[in-house]
Amino acid sequence: MSAARGTLVLVTPTATPAAPTLTRWVLVARLATSVLAIATAGAGWAAWTQPDSPAPRVVTLVAAVVTACLAFVVWVLEERTAAELRGAARSLEDLLQAERIRIATVTNGAFLSTLAALQDLAGLDADERRTTISGFRQKVVERACDLVTDDQPRAAYFRVDDLTAPLRVMSPRGAIAQRSRTDEFTTEFDEASGTEPGVWHLVDEGDRALLREEVDLPGKAYRSYISAPVRAGGIPFGMLTLNVLEPGGLSEEDRDFVLVLARLLAVAESLALPRAQRAAAARTALARSTLDGTGPDEPRHDHEEA
């Protein structure tokens, strides 16, 4: 599947640069025509005030002919300028339409295939869900890479190892996808270390995905990333993250795409979790939010990943 992003990139057609050049020539021709018109008027006045002298009449005739020629040149240049602009507008509209079709094709393909997989998962029994959820996780991170225009994206699902642990650990655990990248996800988030509070705030409280467009982290090759909480029914399952090598290589539309995928993943995780484990995880999450001083009705805030 080819890549796509939500932002329509306006590519200026190759014919467009000619229009400013023609416009400048039109201005020059108009100025010359105005000067000659003034000269023609002056020569005509001289011919009228000096009827016995042929020179003013000759000058008037020559100036009139040149003025007419320049007026024709101005008309031709204006027509060419208008034609260039019409062609540029048509080309630009064609590019925009092609971009809209590309975005619709890829995003629909990515989301519809993910939704279809989620429907299939929902139709399975409890044991089958537990055995197939890993495939769904992998599908989500692959779709995250498909939805951005960058040629070298990398996505991973950092999943909480034990949902009922008082201090959690979160690692990719195999749900990784990348395009033309050699660097690896090496981070393991350990709540006991206390070094990544922003990550755990995002997982527990964030309602939106984070977008950071210019980062420079020690030992990390990427310069832009998106992180979205994977949480459903009050249970924080983990974090879906995507990064690229270029600063500013991700957009707000990319952030929204990743957030949608993270929420679909959260639904799948909830479906695959046995009822008893889901209840225990929900109680643990509620107790944690109470200890943190943020109950379920408290306002949520985004926190930057450390």
# chains A, B, ... in the order shown; residues from 1 in each chain; ligands from 1

$ closest_atom_pairs --of "segment 203-256 of chain A" --to "segment 279-289 of chain A" --cutoff "8 Å" --atoms "only C-alpha atoms" --output "JSON lines"
{"residue": "A:Gly233", "atom": "CA", "partner": "A:Ala282", "partner_atom": "CA", "distance": 7.4}
{"residue": "A:Gly234", "atom": "CA", "partner": "A:Ala282", "partner_atom": "CA", "distance": 6.2}
{"residue": "A:Ile235", "atom": "CA", "partner": "A:Ala282", "partner_atom": "CA", "distance": 5.4}
{"residue": "A:Pro236", "atom": "CA", "partner": "A:Ala285", "partner_atom": "CA", "distance": 7.3}

$ write_last_selection --atoms "N, CA and C atoms" --output "mmCIF file, in the first residue's frame"
data_model
loop_
_atom_site.group_PDB
_atom_site.id
_atom_site.type_symbol
_atom_site.label_atom_id
_atom_site.label_comp_id
_atom_site.auth_asym_id
_atom_site.auth_seq_id
_atom_site.Cartn_x
_atom_site.Cartn_y
_atom_site.Cartn_z
ATOM 1 N N GLY A 233 -12.123 1.519 28.386
ATOM 2 C CA GLY A 233 -12.797 1.134 29.622
ATOM 3 C C GLY A 233 -12.018 1.505 30.864
ATOM 4 N N GLY A 234 -11.219 2.573 30.762
ATOM 5 C CA GLY A 234 -10.402 2.998 31.890
ATOM 6 C C GLY A 234 -9.127 2.197 32.073
ATOM 7 N N ILE A 235 -8.887 1.204 31.235
ATOM 8 C CA ILE A 235 -7.692 0.356 31.353
ATOM 9 C C ILE A 235 -6.619 0.862 30.402
ATOM 10 N N PRO A 236 -5.470 1.257 30.916
ATOM 11 C CA PRO A 236 -4.372 1.692 30.048
ATOM 12 C C PRO A 236 -3.562 0.480 29.568
#

$ select_by_dssp --residues "segment 108-280 of chain A" --states "strand (DSSP E)" --output "PyMOL selection string"
chain A and resi 154-160+169-171+176-178+189-190+210-212+224-232+235-244

$ write_last_selection --atoms "N, CA and C atoms" --output "CSV table (one decimal), in the first residue's frame"
chain,number,residue,atom,x,y,z
A,154,ARG,N,8.7,4.5,11.2
A,154,ARG,CA,8.9,3.3,12.1
A,154,ARG,C,7.8,3.4,13.2
A,155,ALA,N,7.1,2.3,13.5
A,155,ALA,CA,6.0,2.3,14.4
A,155,ALA,C,6.1,1.1,15.4
A,156,ALA,N,5.6,1.3,16.6
A,156,ALA,CA,5.6,0.2,17.6
A,156,ALA,C,4.5,0.4,18.5
A,157,TYR,N,4.1,-0.7,19.1
A,157,TYR,CA,3.1,-0.7,20.1
A,157,TYR,C,3.8,-1.1,21.4
A,158,PHE,N,3.9,-0.1,22.3
A,158,PHE,CA,4.5,-0.4,23.7
A,158,PHE,C,3.4,-0.9,24.6
A,159,ARG,N,3.4,-2.2,24.9
A,159,ARG,CA,2.3,-2.8,25.6
A,159,ARG,C,2.7,-3.0,27.1
A,160,VAL,N,1.8,-2.7,28.0
A,160,VAL,CA,2.0,-3.0,29.4
A,160,VAL,C,2.1,-4.5,29.6
A,169,VAL,N,5.7,-2.2,33.5
A,169,VAL,CA,6.8,-2.2,32.5
A,169,VAL,C,6.1,-2.2,31.2
A,170,MET,N,6.7,-1.5,30.2
A,170,MET,CA,6.0,-1.4,28.9
A,170,MET,C,7.1,-1.5,27.8
A,171,SER,N,6.9,-2.4,26.9
A,171,SER,CA,7.9,-2.7,25.9
A,171,SER,C,7.2,-3.1,24.6
A,176,ILE,N,6.1,-4.3,15.9
A,176,ILE,CA,7.0,-3.3,15.3
A,176,ILE,C,6.9,-3.3,13.8
A,177,ALA,N,6.8,-2.2,13.2
A,177,ALA,CA,6.9,-2.1,11.7
A,177,ALA,C,7.8,-0.9,11.3
A,178,GLN,N,8.5,-1.1,10.2
A,178,GLN,CA,9.3,0.0,9.8
A,178,GLN,C,9.6,-0.1,8.3
A,189,PHE,N,10.1,1.0,29.0
A,189,PHE,CA,9.6,1.9,30.0
A,189,PHE,C,9.3,1.2,31.3
A,190,ASP,N,10.0,1.5,32.3
A,190,ASP,CA,9.8,0.9,33.6
A,190,ASP,C,9.3,1.9,34.6
A,210,LEU,N,0.2,12.8,21.1
A,210,LEU,CA,1.2,13.8,21.2
A,210,LEU,C,1.9,13.8,19.8
A,211,LEU,N,2.2,15.0,19.3
A,211,LEU,CA,3.0,15.2,18.1
A,211,LEU,C,4.2,16.1,18.5
A,212,ARG,N,5.4,15.6,18.3
A,212,ARG,CA,6.6,16.4,18.5
A,212,ARG,C,7.4,16.4,17.2
A,224,SER,N,11.2,13.4,14.7
A,224,SER,CA,9.7,13.7,14.8
A,224,SER,C,9.0,12.4,15.3
A,225,TYR,N,8.1,12.5,16.2
A,225,TYR,CA,7.4,11.4,16.6
A,225,TYR,C,5.9,11.7,17.1
A,226,ILE,N,5.1,10.7,17.1
A,226,ILE,CA,3.7,10.7,17.6
A,226,ILE,C,3.6,9.6,18.5
A,227,SER,N,2.9,9.9,19.7
A,227,SER,CA,2.6,8.9,20.7
A,227,SER,C,1.1,9.0,21.0
A,228,ALA,N,0.4,7.9,21.0
A,228,ALA,CA,-1.0,7.9,21.4
A,228,ALA,C,-1.3,6.9,22.4
A,229,PRO,N,-2.1,7.2,23.4
A,229,PRO,CA,-2.5,6.2,24.4
A,229,PRO,C,-3.4,5.2,23.9
A,230,VAL,N,-3.2,3.9,24.3
A,230,VAL,CA,-4.0,2.8,24.0
A,230,VAL,C,-4.8,2.5,25.3
A,231,ARG,N,-6.0,3.0,25.4
A,231,ARG,CA,-6.8,2.8,26.6
A,231,ARG,C,-8.3,2.7,26.3
A,232,ALA,N,-8.9,1.7,27.0
A,232,ALA,CA,-10.3,1.5,26.8
A,232,ALA,C,-10.9,1.0,28.1
A,235,ILE,N,-8.9,1.2,31.2
A,235,ILE,CA,-7.7,0.4,31.4
A,235,ILE,C,-6.6,0.9,30.4
A,236,PRO,N,-5.5,1.3,30.9
A,236,PRO,CA,-4.4,1.7,30.0
A,236,PRO,C,-3.6,0.5,29.6
A,237,PHE,N,-3.7,0.1,28.3
A,237,PHE,CA,-3.0,-1.0,27.7
A,237,PHE,C,-1.6,-0.7,27.3
A,238,GLY,N,-1.4,0.6,26.9
A,238,GLY,CA,0.0,0.9,26.5
A,238,GLY,C,0.0,2.1,25.6
A,239,MET,N,0.9,2.2,24.6
A,239,MET,CA,1.1,3.4,23.8
A,239,MET,C,1.5,3.0,22.4
A,240,LEU,N,0.8,3.6,21.4
A,240,LEU,CA,1.2,3.4,20.0
A,240,LEU,C,2.0,4.6,19.6
A,241,THR,N,3.2,4.3,19.1
A,241,THR,CA,4.1,5.4,18.7
A,241,THR,C,4.6,5.2,17.3
A,242,LEU,N,4.9,6.3,16.6
A,242,LEU,CA,5.4,6.4,15.3
A,242,LEU,C,6.4,7.5,15.2
A,243,ASN,N,7.5,7.2,14.5
A,243,ASN,CA,8.5,8.3,14.4
A,243,ASN,C,9.2,8.3,13.0
A,244,VAL,N,9.7,9.4,12.6
A,244,VAL,CA,10.4,9.5,11.3
A,244,VAL,C,11.7,10.3,11.6

$ closest_residue --among "A:Ala272, A:Ala165, A:Glu184, A:Ala82" --to "Ala122 of chain A" --atoms "only C-alpha atoms"
A:Ala272

$ residues_around --residues "Ser134 of chain A" --least-positions-apart "5" --cutoff "10 Å" --atoms "only C-alpha atoms" --output "list in words"
Arg129, Lys139, Arg173, Gly174, Ala175, Glu269 and Ala272 of chain A

$ atom_distance --atom1 "atom CA of Thr187 of chain A" --atom2 "atom CA of Leu273 of chain A"
25.3 Å

$ atom_distance --atom1 "atom CA of Val260 of chain A" --atom2 "atom CA of Leu147 of chain A"
11.5 Å

$ atom_distance --atom1 "atom CA of Val140 of chain A" --atom2 "atom CA of Arg168 of chain A"
22.8 Å

$ decode --residues "segment 136-152 of chain A" --atoms "N, CA and C atoms" --output "PDB file, in the first residue's frame"
ATOM      1  N   PHE A 136      -3.462  -8.837  15.167  1.00  0.00           N
ATOM      2  CA  PHE A 136      -4.118  -7.536  15.053  1.00  0.00           C
ATOM      3  C   PHE A 136      -3.173  -6.420  15.479  1.00  0.00           C
ATOM      4  N   ARG A 137      -2.418  -6.633  16.525  1.00  0.00           N
ATOM      5  CA  ARG A 137      -1.446  -5.623  16.963  1.00  0.00           C
ATOM      6  C   ARG A 137      -0.455  -5.308  15.847  1.00  0.00           C
ATOM      7  N   GLN A 138       0.041  -6.349  15.203  1.00  0.00           N
ATOM      8  CA  GLN A 138       1.001  -6.141  14.120  1.00  0.00           C
ATOM      9  C   GLN A 138       0.363  -5.404  12.955  1.00  0.00           C
ATOM     10  N   LYS A 139      -0.895  -5.727  12.651  1.00  0.00           N
ATOM     11  CA  LYS A 139      -1.591  -5.041  11.568  1.00  0.00           C
ATOM     12  C   LYS A 139      -1.700  -3.542  11.853  1.00  0.00           C
ATOM     13  N   VAL A 140      -1.969  -3.184  13.093  1.00  0.00           N
ATOM     14  CA  VAL A 140      -2.129  -1.769  13.442  1.00  0.00           C
ATOM     15  C   VAL A 140      -0.821  -1.004  13.237  1.00  0.00           C
ATOM     16  N   VAL A 141       0.300  -1.543  13.699  1.00  0.00           N
ATOM     17  CA  VAL A 141       1.560  -0.803  13.539  1.00  0.00           C
ATOM     18  C   VAL A 141       1.952  -0.711  12.059  1.00  0.00           C
ATOM     19  N   GLU A 142       1.613  -1.722  11.275  1.00  0.00           N
ATOM     20  CA  GLU A 142       1.889  -1.651   9.839  1.00  0.00           C
ATOM     21  C   GLU A 142       1.021  -0.590   9.170  1.00  0.00           C
ATOM     22  N   ARG A 143      -0.236  -0.502   9.559  1.00  0.00           N
ATOM     23  CA  ARG A 143      -1.114   0.527   8.994  1.00  0.00           C
ATOM     24  C   ARG A 143      -0.634   1.924   9.398  1.00  0.00           C
ATOM     25  N   ALA A 144      -0.082   2.065  10.580  1.00  0.00           N
ATOM     26  CA  ALA A 144       0.444   3.365  11.001  1.00  0.00           C
ATOM     27  C   ALA A 144       1.557   3.805  10.059  1.00  0.00           C
ATOM     28  N   CYS A 145       2.416   2.894   9.650  1.00  0.00           N
ATOM     29  CA  CYS A 145       3.476   3.232   8.699  1.00  0.00           C
ATOM     30  C   CYS A 145       2.911   3.551   7.323  1.00  0.00           C
ATOM     31  N   ASP A 146       1.827   2.870   6.933  1.00  0.00           N
ATOM     32  CA  ASP A 146       1.232   3.104   5.618  1.00  0.00           C
ATOM     33  C   ASP A 146       0.602   4.490   5.488  1.00  0.00           C
ATOM     34  N   LEU A 147       0.168   5.061   6.600  1.00  0.00           N
ATOM     35  CA  LEU A 147      -0.635   6.280   6.544  1.00  0.00           C
ATOM     36  C   LEU A 147       0.171   7.573   6.480  1.00  0.00           C
ATOM     37  N   VAL A 148       1.485   7.503   6.506  1.00  0.00           N
ATOM     38  CA  VAL A 148       2.289   8.721   6.433  1.00  0.00           C
ATOM     39  C   VAL A 148       3.049   8.737   5.123  1.00  0.00           C
ATOM     40  N   THR A 149       3.368   9.943   4.635  1.00  0.00           N
ATOM     41  CA  THR A 149       4.052  10.063   3.357  1.00  0.00           C
ATOM     42  C   THR A 149       5.554   9.861   3.475  1.00  0.00           C
ATOM     43  N   ASP A 150       6.080   9.940   4.664  1.00  0.00           N
ATOM     44  CA  ASP A 150       7.517   9.769   4.837  1.00  0.00           C
ATOM     45  C   ASP A 150       7.949   8.373   4.369  1.00  0.00           C
ATOM     46  N   ASP A 151       9.110   8.327   3.716  1.00  0.00           N
ATOM     47  CA  ASP A 151       9.595   7.058   3.174  1.00  0.00           C
ATOM     48  C   ASP A 151      10.243   6.163   4.220  1.00  0.00           C
ATOM     49  N   GLN A 152      10.531   6.703   5.409  1.00  0.00           N
ATOM     50  CA  GLN A 152      11.233   5.918   6.418  1.00  0.00           C
ATOM     51  C   GLN A 152      10.540   6.015   7.780  1.00  0.00           C
TER      52      GLN A 152
END
